[in-house]
file work-v4.cif (mmCIF, C-alpha atoms and all ligand atoms)
data_target
#
loop_
_atom_site.label_atom_id
_atom_site.label_comp_id
_atom_site.auth_asym_id
_atom_site.auth_seq_id
_atom_site.Cartn_x
_atom_site.Cartn_y
_atom_site.Cartn_z
CA MET A 1 0.24 -28.07 -8.39
CA ARG A 2 2.03 -29.02 -5.19
CA ALA A 3 1.87 -26.94 -2.04
CA LEU A 4 3.29 -27.29 1.47
CA GLU A 5 0.18 -26.97 3.63
CA LEU A 6 -0.05 -26.21 7.34
CA VAL A 7 -2.89 -28.28 8.81
CA GLY A 8 -2.38 -27.73 12.57
CA PHE A 9 -0.31 -25.78 15.08
CA ASP A 10 2.13 -28.44 16.30
CA GLY A 11 5.17 -27.05 14.51
CA PRO A 12 6.92 -28.80 11.60
CA ALA A 13 4.84 -31.97 12.17
CA SER A 14 1.76 -30.03 11.02
CA LEU A 15 3.10 -29.53 7.48
CA ARG A 16 2.22 -31.83 4.57
CA ILE A 17 2.34 -31.83 0.78
CA ALA A 18 -1.06 -31.24 -0.86
CA ASP A 19 -2.37 -30.90 -4.38
CA ARG A 20 -4.08 -27.61 -5.20
CA PRO A 21 -5.63 -26.21 -8.37
CA GLU A 22 -3.40 -23.93 -10.47
CA PRO A 23 -4.37 -20.32 -9.57
CA LEU A 24 -5.38 -17.83 -12.29
CA PRO A 25 -4.27 -14.18 -12.24
CA GLY A 26 -7.03 -11.56 -12.01
CA PRO A 27 -6.90 -7.92 -13.19
CA GLY A 28 -3.52 -6.34 -12.42
CA GLN A 29 -2.09 -9.67 -11.27
CA VAL A 30 0.60 -12.03 -12.49
CA ARG A 31 1.21 -15.70 -11.79
CA VAL A 32 4.75 -16.61 -10.72
CA ARG A 33 6.02 -20.14 -11.27
CA LEU A 34 8.22 -20.31 -8.19
CA ARG A 35 11.75 -21.68 -8.49
CA ALA A 36 12.80 -21.21 -4.87
CA SER A 37 11.50 -19.78 -1.61
CA ALA A 38 13.04 -19.26 1.82
CA LEU A 39 12.00 -19.56 5.45
CA ASN A 40 11.72 -16.84 8.08
CA HIS A 41 11.08 -17.06 11.83
CA LEU A 42 7.65 -15.67 11.05
CA ASP A 43 6.78 -18.95 9.31
CA VAL A 44 7.91 -20.97 12.32
CA PHE A 45 5.80 -18.81 14.65
CA VAL A 46 2.69 -19.47 12.51
CA THR A 47 3.27 -23.26 12.72
CA ARG A 48 3.01 -22.76 16.51
CA GLY A 49 -0.21 -20.74 16.20
CA LEU A 50 1.35 -17.26 16.58
CA PRO A 51 -0.80 -15.99 14.95
CA LYS A 52 -3.44 -18.65 14.28
CA ARG A 53 -4.20 -18.49 10.57
CA PRO A 54 -7.33 -20.24 9.24
CA LEU A 55 -6.29 -23.76 8.12
CA PRO A 56 -5.16 -25.24 5.84
CA ALA A 57 -2.66 -22.45 5.15
CA ILE A 58 0.35 -22.03 2.88
CA LEU A 59 3.22 -20.13 4.53
CA GLY A 60 6.20 -18.35 2.97
CA ALA A 61 7.09 -14.68 2.47
CA ASP A 62 10.21 -15.14 0.33
CA GLY A 63 10.07 -16.31 -3.25
CA ALA A 64 11.58 -15.96 -6.72
CA GLY A 65 10.51 -17.41 -10.03
CA VAL A 66 9.31 -16.87 -13.58
CA ILE A 67 6.03 -15.20 -14.58
CA ASP A 68 4.01 -17.70 -16.63
CA ALA A 69 0.61 -15.96 -16.89
CA VAL A 70 -0.60 -12.35 -16.72
CA GLY A 71 -4.11 -11.12 -15.94
CA PRO A 72 -6.07 -8.35 -17.68
CA ALA A 73 -4.77 -4.76 -17.41
CA VAL A 74 -1.22 -5.82 -16.52
CA GLN A 75 1.04 -3.10 -17.86
CA ARG A 76 4.74 -3.68 -17.18
CA ARG A 77 5.14 -7.40 -16.72
CA ARG A 78 4.96 -10.25 -19.22
CA SER A 79 5.34 -14.01 -19.31
CA GLY A 80 8.97 -15.08 -19.03
CA ASP A 81 10.02 -12.23 -16.69
CA GLU A 82 12.29 -13.48 -13.90
CA VAL A 83 11.24 -11.87 -10.63
CA VAL A 84 11.56 -11.70 -6.85
CA ILE A 85 8.43 -11.01 -4.87
CA TYR A 86 7.95 -7.97 -2.60
CA PRO A 87 6.56 -9.70 0.50
CA VAL A 88 4.32 -6.89 1.83
CA VAL A 89 0.61 -7.17 1.13
CA SER A 90 -1.29 -3.86 1.01
CA CYS A 91 -4.50 -2.44 -0.49
CA GLY A 92 -2.76 -0.62 -3.35
CA ALA A 93 -5.39 2.14 -3.28
CA CYS A 94 -5.05 4.23 -0.09
CA GLU A 95 -3.00 7.39 0.41
CA TRP A 96 -0.12 5.45 2.02
CA CYS A 97 0.00 2.98 -0.87
CA ALA A 98 -0.13 5.84 -3.42
CA ARG A 99 2.95 7.31 -1.71
CA ARG A 100 4.56 3.84 -1.69
CA GLU A 101 4.61 3.86 2.14
CA GLU A 102 2.91 0.44 2.19
CA VAL A 103 4.06 -0.37 5.74
CA HIS A 104 1.45 2.11 7.04
CA CYS A 105 -1.47 0.82 4.93
CA GLU A 106 -4.55 -0.17 7.02
CA LYS A 107 -4.53 -3.49 5.13
CA PHE A 108 -0.80 -4.10 5.73
CA GLY A 109 0.04 -7.78 5.84
CA ILE A 110 2.89 -10.17 5.15
CA LEU A 111 2.78 -12.86 2.49
CA GLY A 112 2.37 -16.24 4.17
CA GLU A 113 1.30 -14.77 7.51
CA HIS A 114 -1.92 -13.05 6.44
CA LEU A 115 -2.60 -14.92 3.20
CA ASP A 116 -1.20 -17.86 1.28
CA GLY A 117 2.49 -17.48 0.49
CA THR A 118 5.41 -18.89 -1.44
CA PHE A 119 5.67 -22.52 -0.27
CA GLN A 120 3.89 -23.76 -3.39
CA GLU A 121 4.63 -24.16 -7.09
CA SER A 122 2.55 -21.23 -8.37
CA LEU A 123 1.54 -17.98 -6.69
CA VAL A 124 -0.60 -15.10 -7.96
CA VAL A 125 0.55 -11.64 -6.84
CA ALA A 126 -0.17 -8.03 -7.77
CA GLU A 127 1.93 -6.89 -10.72
CA ARG A 128 3.44 -4.18 -8.50
CA ALA A 129 4.84 -6.90 -6.16
CA ALA A 130 6.97 -8.49 -8.92
CA PHE A 131 10.49 -7.00 -9.21
CA THR A 132 13.24 -7.98 -11.64
CA ARG A 133 15.56 -10.40 -9.89
CA PRO A 134 19.26 -9.56 -9.45
CA GLN A 135 21.03 -11.20 -12.38
CA GLN A 136 24.21 -12.21 -10.56
CA LEU A 137 22.34 -14.42 -8.07
CA ASP A 138 21.08 -17.95 -8.71
CA TRP A 139 17.47 -18.78 -7.79
CA HIS A 140 18.37 -19.84 -4.26
CA GLY A 141 20.21 -16.57 -3.64
CA ALA A 142 17.38 -14.50 -5.12
CA ALA A 143 14.78 -16.29 -2.95
CA ALA A 144 16.92 -15.68 0.14
CA LEU A 145 16.69 -11.90 -0.24
CA PRO A 146 13.22 -10.42 0.15
CA LEU A 147 12.07 -10.31 3.78
CA SER A 148 15.39 -10.22 5.63
CA PHE A 149 17.20 -7.80 3.30
CA LEU A 150 14.18 -5.49 3.02
CA THR A 151 13.78 -5.48 6.81
CA ALA A 152 17.49 -4.82 7.43
CA TRP A 153 17.65 -2.10 4.74
CA ARG A 154 14.80 -0.06 6.22
CA LEU A 155 16.06 -0.58 9.77
CA LEU A 156 19.63 0.56 9.07
CA PHE A 157 19.18 3.33 6.53
CA THR A 158 15.65 4.75 6.79
CA ARG A 159 14.88 4.26 10.48
CA GLY A 160 18.43 4.17 11.86
CA ARG A 161 19.86 6.78 9.44
CA LEU A 162 23.23 5.06 9.56
CA GLU A 163 25.98 6.38 7.31
CA SER A 164 29.43 5.40 6.17
CA GLY A 165 31.85 5.39 9.13
CA ASP A 166 29.20 4.68 11.79
CA THR A 167 29.86 1.77 14.16
CA LEU A 168 27.20 -0.94 14.26
CA VAL A 169 26.89 -3.99 16.53
CA ILE A 170 24.79 -6.96 15.36
CA VAL A 171 23.67 -9.16 18.24
CA GLY A 172 23.35 -12.88 17.55
CA ILE A 173 24.82 -13.26 14.07
CA GLY A 174 23.43 -16.16 12.04
CA GLY A 175 19.79 -15.32 11.39
CA GLY A 176 18.52 -13.80 8.16
CA VAL A 177 18.06 -10.19 9.28
CA ALA A 178 21.35 -10.16 11.23
CA LEU A 179 23.36 -11.42 8.25
CA ALA A 180 21.56 -9.03 5.87
CA ALA A 181 22.47 -6.18 8.24
CA LEU A 182 26.13 -7.30 8.20
CA LEU A 183 26.34 -7.48 4.40
CA LEU A 184 24.38 -4.25 3.78
CA GLY A 185 26.24 -2.44 6.56
CA LYS A 186 29.65 -3.35 5.12
CA ALA A 187 28.50 -2.39 1.60
CA HIS A 188 27.55 1.06 2.95
CA GLY A 189 30.90 1.58 4.68
CA LEU A 190 29.85 0.94 8.28
CA ARG A 191 32.23 -0.50 10.87
CA VAL A 192 30.41 -3.68 11.90
CA PHE A 193 30.86 -5.91 14.96
CA ALA A 194 29.00 -9.19 15.44
CA THR A 195 28.23 -11.25 18.55
CA SER A 196 27.32 -14.91 19.04
CA ARG A 197 27.43 -17.67 21.64
CA ASP A 198 28.93 -19.93 18.96
CA PRO A 199 32.68 -19.45 18.20
CA ALA A 200 32.21 -20.96 14.72
CA LYS A 201 29.61 -18.28 13.87
CA LEU A 202 32.02 -15.55 15.02
CA GLU A 203 34.65 -16.87 12.62
CA ARG A 204 32.14 -16.98 9.76
CA ALA A 205 31.03 -13.41 10.51
CA LYS A 206 34.65 -12.24 10.24
CA ALA A 207 35.03 -14.12 6.95
CA LEU A 208 32.00 -12.17 5.68
CA GLY A 209 33.64 -8.85 6.54
CA ALA A 210 32.82 -8.16 10.20
CA ASP A 211 35.46 -5.82 11.71
CA GLY A 212 35.24 -7.63 15.03
CA ALA A 213 33.30 -10.59 16.47
CA TYR A 214 32.75 -11.19 20.18
CA PRO A 215 31.21 -13.84 22.44
CA SER A 216 27.69 -12.91 23.63
CA ASP A 217 28.65 -12.85 27.30
CA GLY A 218 29.74 -9.32 28.16
CA PHE A 219 29.97 -8.12 24.56
CA ALA A 220 29.34 -4.48 25.61
CA LYS A 221 32.80 -4.34 27.18
CA SER A 222 34.40 -5.80 24.04
CA VAL A 223 32.65 -3.16 21.92
CA ARG A 224 33.75 -0.38 24.30
CA ASP A 225 37.35 -1.63 24.21
CA ALA A 226 37.26 -1.75 20.39
CA THR A 227 35.92 1.81 20.16
CA GLY A 228 38.32 3.53 22.56
CA GLY A 229 35.71 3.45 25.32
CA ALA A 230 33.06 5.30 23.30
CA GLY A 231 30.64 2.49 22.41
CA ALA A 232 28.71 1.98 19.18
CA ARG A 233 26.51 4.39 17.24
CA ALA A 234 23.90 1.63 16.82
CA VAL A 235 23.06 -1.93 17.86
CA VAL A 236 20.76 -4.25 15.91
CA ASP A 237 19.07 -6.53 18.43
CA THR A 238 16.42 -8.94 17.12
CA ILE A 239 16.63 -11.19 20.19
CA GLY A 240 14.93 -9.02 22.83
CA PRO A 241 14.64 -9.78 26.56
CA SER A 242 17.77 -11.92 26.92
CA THR A 243 20.11 -9.37 25.28
CA PHE A 244 18.48 -5.89 25.46
CA ASP A 245 20.26 -4.76 28.61
CA GLU A 246 23.69 -5.68 27.25
CA SER A 247 22.81 -4.06 23.90
CA PHE A 248 22.03 -0.73 25.60
CA ARG A 249 25.33 -0.97 27.51
CA ALA A 250 27.20 -1.27 24.18
CA LEU A 251 25.86 2.06 22.85
CA ALA A 252 27.73 5.35 22.70
CA ARG A 253 26.06 8.52 23.99
CA GLU A 254 23.05 9.35 21.74
CA GLY A 255 23.30 5.81 20.36
CA VAL A 256 20.35 3.96 18.87
CA LEU A 257 19.07 0.47 19.64
CA LEU A 258 17.44 -0.84 16.44
CA THR A 259 14.96 -3.70 16.66
CA VAL A 260 12.63 -5.57 14.32
CA GLY A 261 12.07 -8.76 16.27
CA SER A 262 12.32 -10.43 19.65
CA THR A 263 13.02 -14.12 19.29
CA SER A 264 13.59 -14.59 23.06
CA GLY A 265 10.12 -13.30 24.01
CA PRO A 266 7.89 -10.23 23.71
CA LYS A 267 8.49 -8.37 27.02
CA VAL A 268 11.58 -6.55 28.27
CA GLU A 269 12.44 -4.65 31.44
CA LEU A 270 14.43 -1.44 30.90
CA THR A 271 16.49 0.58 33.35
CA LEU A 272 15.29 4.01 32.20
CA PRO A 273 17.92 6.24 33.87
CA ARG A 274 20.60 4.33 31.96
CA LEU A 275 18.79 5.32 28.79
CA PHE A 276 18.08 8.98 29.44
CA PHE A 277 21.34 9.90 31.15
CA ARG A 278 23.12 8.70 28.01
CA HIS A 279 20.49 10.12 25.60
CA LEU A 280 19.84 6.71 24.05
CA SER A 281 17.03 5.88 21.62
CA LEU A 282 15.01 2.78 20.83
CA VAL A 283 14.00 2.69 17.16
CA THR A 284 11.73 0.01 15.75
CA SER A 285 10.54 -1.11 12.35
CA THR A 286 8.72 -3.89 10.48
CA MET A 287 9.38 -4.95 6.90
CA GLY A 288 9.81 -2.03 4.44
CA THR A 289 8.24 -0.10 1.59
CA SER A 290 8.36 -0.99 -2.11
CA ARG A 291 10.76 1.94 -2.65
CA GLU A 292 13.09 0.46 -0.04
CA PHE A 293 12.73 -2.95 -1.70
CA GLU A 294 13.87 -1.34 -4.96
CA ALA A 295 16.79 0.41 -3.23
CA MET A 296 17.83 -2.85 -1.56
CA LEU A 297 17.80 -4.72 -4.89
CA ALA A 298 19.88 -1.93 -6.45
CA ASP A 299 22.41 -2.27 -3.60
CA VAL A 300 22.59 -6.04 -4.15
CA ASP A 301 23.49 -5.37 -7.80
CA ARG A 302 25.84 -2.44 -7.15
CA TYR A 303 27.83 -4.07 -4.36
CA HIS A 304 27.56 -7.67 -5.66
CA ILE A 305 26.00 -8.78 -2.37
CA ARG A 306 25.41 -12.52 -2.04
CA PRO A 307 23.04 -13.63 0.71
CA VAL A 308 24.27 -16.52 2.83
CA VAL A 309 22.38 -19.77 2.24
CA ASP A 310 22.64 -22.22 5.14
CA ALA A 311 20.88 -25.21 3.58
CA THR A 312 18.53 -26.11 0.73
CA TYR A 313 15.68 -28.61 0.89
CA PRO A 314 13.20 -29.81 -1.75
CA LEU A 315 9.58 -28.77 -1.10
CA VAL A 316 8.67 -32.30 0.07
CA LYS A 317 11.28 -31.99 2.84
CA GLY A 318 9.66 -28.76 4.10
CA PRO A 319 9.14 -30.13 7.64
CA ASP A 320 12.90 -30.83 7.94
CA ALA A 321 13.65 -27.26 6.80
CA PHE A 322 11.31 -25.88 9.49
CA ALA A 323 12.89 -28.11 12.14
CA ARG A 324 16.35 -26.77 11.26
CA LEU A 325 15.23 -23.13 11.60
CA GLU A 326 13.41 -23.85 14.85
CA GLY A 327 16.58 -25.51 16.20
CA GLY A 328 18.46 -22.21 15.79
CA GLU A 329 21.70 -23.79 14.55
CA GLN A 330 21.54 -22.20 11.09
CA PHE A 331 23.95 -19.66 9.68
CA GLY A 332 22.12 -17.99 6.81
CA LYS A 333 18.87 -18.61 5.02
CA ILE A 334 17.12 -21.95 4.76
CA VAL A 335 15.89 -22.31 1.18
CA LEU A 336 13.23 -24.51 -0.38
CA ASP A 337 13.96 -25.59 -3.94
CA ILE A 338 10.44 -25.56 -5.36
CA ALA A 339 11.38 -26.99 -8.75
CA SER A 340 12.90 -30.21 -7.33
ZN ZN B 1 -3.15 0.87 1.23
#

call {"tool": "encode", "arguments": {"input": "work-v4.cif", "output": "structure tokens", "more": "lines below"}}
Ligand SMILES: [Zn+2]
result
Amino acid sequence: MRALELVGFDGPASLRIADRPEPLPGPGQVRVRLRASALNHLDVFVTRGLPKRPLPAILGADGAGVIDAVGPAVQRRRSGDEVVIYPVVSCGACEWCARREEVHCEKFGILGEHLDGTFQESLVVAERAAFTRPQQLDWHGAAALPLSFLTAWRLLFTRGRLESGDTLVIVGIGGGVALAALLLGKAHGLRVFATSRDPAKLERAKALGADGAYPSDGFAKSVRDATGGAGARAVVDTIGPSTFDESFRALAREGVLLTVGSTSGPKVELTLPRLFFRHLSLVTSTMGTSREFEAMLADVDRYHIRPVVDATYPLVKGPDAFARLEGGEQFGKIVLDIAS
């Protein structure tokens, strides 16, 4: 079978197509014949050696396909099932895993970052990681869901405790988690504002349901003006150092800055009095539990949510797909069509 292998840490140029033996499912495992997978910033970071995985490596957290083999002791799944893959890797045996709080498992990992992922034709996963795919989405849409929608769902509703009527600002609309937060937020009745440096992205955000969309420069004032001076209940900021200060300025008293990533760098400087005099919180998260994955998939069905796909590439054009994500011009998910 074909796989997109990473053989160095020089970015997209370090990816190549390789031939690998067809994997066999062990006890409790199923083999998924992948139809489509999708890229995340995580994958790009690994091509630059952050972190340095042993090579050659197969990246990819997002994937959807058809089960074509089941191992011994598999109970619920059978060949022919159409599934999306829960992208968290965990031990499956500890107390956290038993409670389905996999994000706290000592062995917590992410498919493609800690072990071989979805950028190949066949992948063996634990039976418990295979979930029925939403029927109203095609394969590209289904593959675009897992990591970004799971991450946004936990961030907004479990960690951020946002409810219908709350005002949410999404900084830097266009990436996977930001767009998932927009679509999930609107489905749950939030009032959502988006920001971007790119006027075209602001227009697209409004077309997707954003209640307001503002240029990145000085967006806190725009949010204050739109909320009668109060500010927002929450801000999703996955950018970090270059936007954190402005994000805090956009919050209402007792507001919450929600973050799951920092694409502009790992370190920020905070003006603490601005935080405590306004009773602000910083709430963080990574990925989500299998229960949250289930709840997210149910929302996608209930609210007919369709993830935004920016572009689709065949597996052999994987390096081009990585270059597009690294360039930062995308609006929506970059999908690999594994079958073509
Ligand atoms: Zn565990």

call {"tool": "residues_near_ligand", "arguments": {"input": "work-v4.cif", "ligand": "ligand ZN 1 (chain B)", "cutoff": "7 Å", "atoms": "all atoms listed in the file", "output": "PyMOL selection string"}}
result
chain A and resi 90-97+102+105-107

call {"tool": "residues_around", "arguments": {"input": "work-v4.cif", "residues": "segment 150-166 of chain A", "least_positions_apart": "5", "cutoff": "6 Å", "atoms": "all atoms listed in the file", "output": "list of chain:residue names"}}
result
A:Val177, A:Ala181, A:His188, A:Gly189, A:Leu190, A:Met287, A:Gly288, A:Phe293

call {"tool": "closest_residue", "arguments": {"input": "work-v4.cif", "among": "A:Pro72, A:Asp62, A:Val7, A:Phe219", "to": "Leu24 of chain A", "atoms": "all atoms listed in the file"}}
result
A:Pro72

call {"tool": "residues_around", "arguments": {"input": "work-v4.cif", "residues": "Thr132 of chain A", "least_positions_apart": "2", "cutoff": "8 Å", "atoms": "only C-alpha atoms", "output": "ChimeraX atom specification"}}
result
/A:81-84,130,134

call {"tool": "residues_around", "arguments": {"input": "work-v4.cif", "residues": "Ala38 of chain A", "least_positions_apart": "6", "cutoff": "8 Å", "atoms": "only C-alpha atoms", "output": "number ranges by chain"}}
result
A: 60-63, 143-144, 333-336

call {"tool": "write_last_selection", "arguments": {"input": "work-v4.cif", "atoms": "C-alpha atoms", "output": "compact mmCIF listing (two decimals), keeping the file's coordinate frame"}}
result
# COMPACT_ATOMS: atom_id res chain seq x y z
CA GLY A 60 6.20 -18.35 2.97
CA ALA A 61 7.09 -14.68 2.47
CA ASP A 62 10.21 -15.14 0.33
CA GLY A 63 10.07 -16.31 -3.25
CA ALA A 143 14.78 -16.29 -2.95
CA ALA A 144 16.92 -15.68 0.14
CA LYS A 333 18.87 -18.61 5.02
CA ILE A 334 17.12 -21.95 4.76
CA VAL A 335 15.89 -22.31 1.18
CA LEU A 336 13.23 -24.51 -0.38

call {"tool": "closest_residue", "arguments": {"input": "work-v4.cif", "among": "A:Asp217, A:Phe9, A:Thr289, A:Pro27", "to": "His104 of chain A", "atoms": "all atoms listed in the file"}}
result
A:Thr289

call {"tool": "residues_around", "arguments": {"input": "work-v4.cif", "residues": "Ile170 of chain A", "least_positions_apart": "5", "cutoff": "9 Å", "atoms": "all atoms listed in the file", "output": "list in words"}}
result
Ala178, Leu179, Ala181, Leu182, Val192, Phe193, Ala194, Thr195, Ala234, Val235, Val236, Asp237 and Thr238 of chain A

call {"tool": "residues_around", "arguments": {"input": "work-v4.cif", "residues": "Leu208 of chain A", "least_positions_apart": "6", "cutoff": "12 Å", "atoms": "only C-alpha atoms", "output": "PDB file with C-alpha atoms, in the coordinates of the input"}}
result
ATOM      1  CA  ILE A 173      24.820 -13.260  14.070  1.00  0.00           C
ATOM      2  CA  GLY A 174      23.430 -16.160  12.040  1.00  0.00           C
ATOM      3  CA  LEU A 179      23.360 -11.420   8.250  1.00  0.00           C
ATOM      4  CA  ALA A 180      21.560  -9.030   5.870  1.00  0.00           C
ATOM      5  CA  ALA A 181      22.470  -6.180   8.240  1.00  0.00           C
ATOM      6  CA  LEU A 182      26.130  -7.300   8.200  1.00  0.00           C
ATOM      7  CA  LEU A 183      26.340  -7.480   4.400  1.00  0.00           C
ATOM      8  CA  LEU A 184      24.380  -4.250   3.780  1.00  0.00           C
ATOM      9  CA  GLY A 185      26.240  -2.440   6.560  1.00  0.00           C
ATOM     10  CA  LYS A 186      29.650  -3.350   5.120  1.00  0.00           C
ATOM     11  CA  ALA A 187      28.500  -2.390   1.600  1.00  0.00           C
ATOM     12  CA  VAL A 192      30.410  -3.680  11.900  1.00  0.00           C
ATOM     13  CA  PHE A 193      30.860  -5.910  14.960  1.00  0.00           C
ATOM     14  CA  ALA A 194      29.000  -9.190  15.440  1.00  0.00           C
ATOM     15  CA  LYS A 201      29.610 -18.280  13.870  1.00  0.00           C
ATOM     16  CA  LEU A 202      32.020 -15.550  15.020  1.00  0.00           C
ATOM     17  CA  ILE A 305      26.000  -8.780  -2.370  1.00  0.00           C
ATOM     18  CA  ARG A 306      25.410 -12.520  -2.040  1.00  0.00           C
ATOM     19  CA  PRO A 307      23.040 -13.630   0.710  1.00  0.00           C
ATOM     20  CA  VAL A 308      24.270 -16.520   2.830  1.00  0.00           C
ATOM     21  CA  PHE A 331      23.950 -19.660   9.680  1.00  0.00           C
ATOM     22  CA  GLY A 332      22.120 -17.990   6.810  1.00  0.00           C
TER      23      GLY A 332
END

call {"tool": "closest_atom_pairs", "arguments": {"input": "work-v4.cif", "of": "segment 140-195 of chain A", "to": "segment 39-54 of chain A", "cutoff": "9 Å", "atoms": "all atoms listed in the file", "output": "CSV"}}
result
residue,atom,partner,partner_atom,distance
A:Ala144,CA,A:Leu39,CA,8.2
A:Leu147,CA,A:Asn40,CA,7.8
A:Ser148,CA,A:Asn40,CA,8.0
A:Gly175,CA,A:Asn40,CA,8.9
A:Gly176,CA,A:Asn40,CA,7.4

call {"tool": "write_last_selection", "arguments": {"input": "work-v4.cif", "atoms": "C-alpha atoms", "output": "short mmCIF file (atom, residue, chain, number, x, y, z; two decimals), keeping the file's coordinate frame"}}
result
data_model
loop_
_atom_site.label_atom_id
_atom_site.label_comp_id
_atom_site.auth_asym_id
_atom_site.auth_seq_id
_atom_site.Cartn_x
_atom_site.Cartn_y
_atom_site.Cartn_z
CA ALA A 144 16.92 -15.68 0.14
CA LEU A 147 12.07 -10.31 3.78
CA SER A 148 15.39 -10.22 5.63
CA GLY A 175 19.79 -15.32 11.39
CA GLY A 176 18.52 -13.80 8.16
#

call {"tool": "atom_distance", "arguments": {"input": "work-v4.cif", "atom1": "atom CA of Ile338 of chain A", "atom2": "atom CA of Leu115 of chain A"}}
result
18.9 Å

call {"tool": "atom_distance", "arguments": {"input": "work-v4.cif", "atom1": "atom CA of Pro12 of chain A", "atom2": "atom CA of Gly109 of chain A"}}
result
22.9 Å

call {"tool": "closest_residue", "arguments": {"input": "work-v4.cif", "among": "A:Arg16, A:Lys317, A:Arg31, A:Arg302", "to": "Thr118 of chain A", "atoms": "all atoms listed in the file"}}
result
A:Arg31

call {"tool": "closest_residue", "arguments": {"input": "work-v4.cif", "among": "A:Arg100, A:His140, A:Ser14, A:Gly28", "to": "Gly71 of chain A", "atoms": "only C-alpha atoms"}}
result
A:Gly28

call {"tool": "closest_residue", "arguments": {"input": "work-v4.cif", "among": "A:Val124, A:Leu251, A:Leu6, A:Ala207", "to": "Ser222 of chain A", "atoms": "only C-alpha atoms"}}
result
A:Leu251

call {"tool": "closest_residue", "arguments": {"input": "work-v4.cif", "among": "A:Val171, A:Val260, A:Ala339, A:Ala321", "to": "Val66 of chain A", "atoms": "all atoms listed in the file"}}
result
A:Ala339

call {"tool": "atom_distance", "arguments": {"input": "work-v4.cif", "atom1": "atom CA of Arg249 of chain A", "atom2": "atom CA of Leu275 of chain A"}}
result
9.2 Å

call {"tool": "residues_near_point", "arguments": {"input": "work-v4.cif", "point": "(-2.4, -21.8, 0.9)", "cutoff": "8 Å", "atoms": "all atoms listed in the file", "output": "ChimeraX atom specification"}}
result
/A:3-5,56-59,115-117,120

call {"tool": "residues_near_point", "arguments": {"input": "work-v4.cif", "point": "(2.2, -15.2, -15.3)", "cutoff": "10 Å", "atoms": "all atoms listed in the file", "output": "VMD selection string"}}
result
chain A and resid 24 to 25 29 to 33 66 to 71 77 to 81 122 to 125 127

call {"tool": "build_atoms", "arguments": {"input": "work-v4.cif", "residues": "segment 133-145 of chain A", "atoms": "N, CA and C atoms", "output": "compact mmCIF listing (two decimals), in the coordinates of the input"}}
result
# COMPACT_ATOMS: atom_id res chain seq x y z
N ARG A 133 14.63 -9.80 -10.84
CA ARG A 133 15.56 -10.40 -9.89
C ARG A 133 17.00 -9.98 -10.21
N PRO A 134 17.85 -9.88 -9.19
CA PRO A 134 19.26 -9.56 -9.45
C PRO A 134 19.89 -10.65 -10.32
N GLN A 135 20.54 -10.23 -11.39
CA GLN A 135 21.03 -11.20 -12.38
C GLN A 135 22.22 -12.02 -11.89
N GLN A 136 23.00 -11.47 -10.94
CA GLN A 136 24.21 -12.21 -10.56
C GLN A 136 23.92 -13.30 -9.53
N LEU A 137 22.68 -13.39 -9.05
CA LEU A 137 22.34 -14.42 -8.07
C LEU A 137 21.63 -15.59 -8.74
N ASP A 138 21.87 -16.81 -8.22
CA ASP A 138 21.08 -17.95 -8.71
C ASP A 138 19.71 -17.88 -8.02
N TRP A 139 18.84 -18.84 -8.34
CA TRP A 139 17.47 -18.78 -7.79
C TRP A 139 17.46 -18.87 -6.27
N HIS A 140 18.35 -19.70 -5.72
CA HIS A 140 18.37 -19.84 -4.26
C HIS A 140 18.77 -18.50 -3.61
N GLY A 141 19.78 -17.86 -4.17
CA GLY A 141 20.21 -16.57 -3.64
C GLY A 141 19.12 -15.52 -3.77
N ALA A 142 18.45 -15.50 -4.91
CA ALA A 142 17.38 -14.50 -5.12
C ALA A 142 16.24 -14.71 -4.12
N ALA A 143 15.88 -15.99 -3.88
CA ALA A 143 14.78 -16.29 -2.95
C ALA A 143 15.17 -15.97 -1.51
N ALA A 144 16.47 -15.94 -1.23
CA ALA A 144 16.92 -15.68 0.14
C ALA A 144 16.86 -14.19 0.50
N LEU A 145 16.61 -13.34 -0.49
CA LEU A 145 16.69 -11.90 -0.24
C LEU A 145 15.48 -11.26 0.44
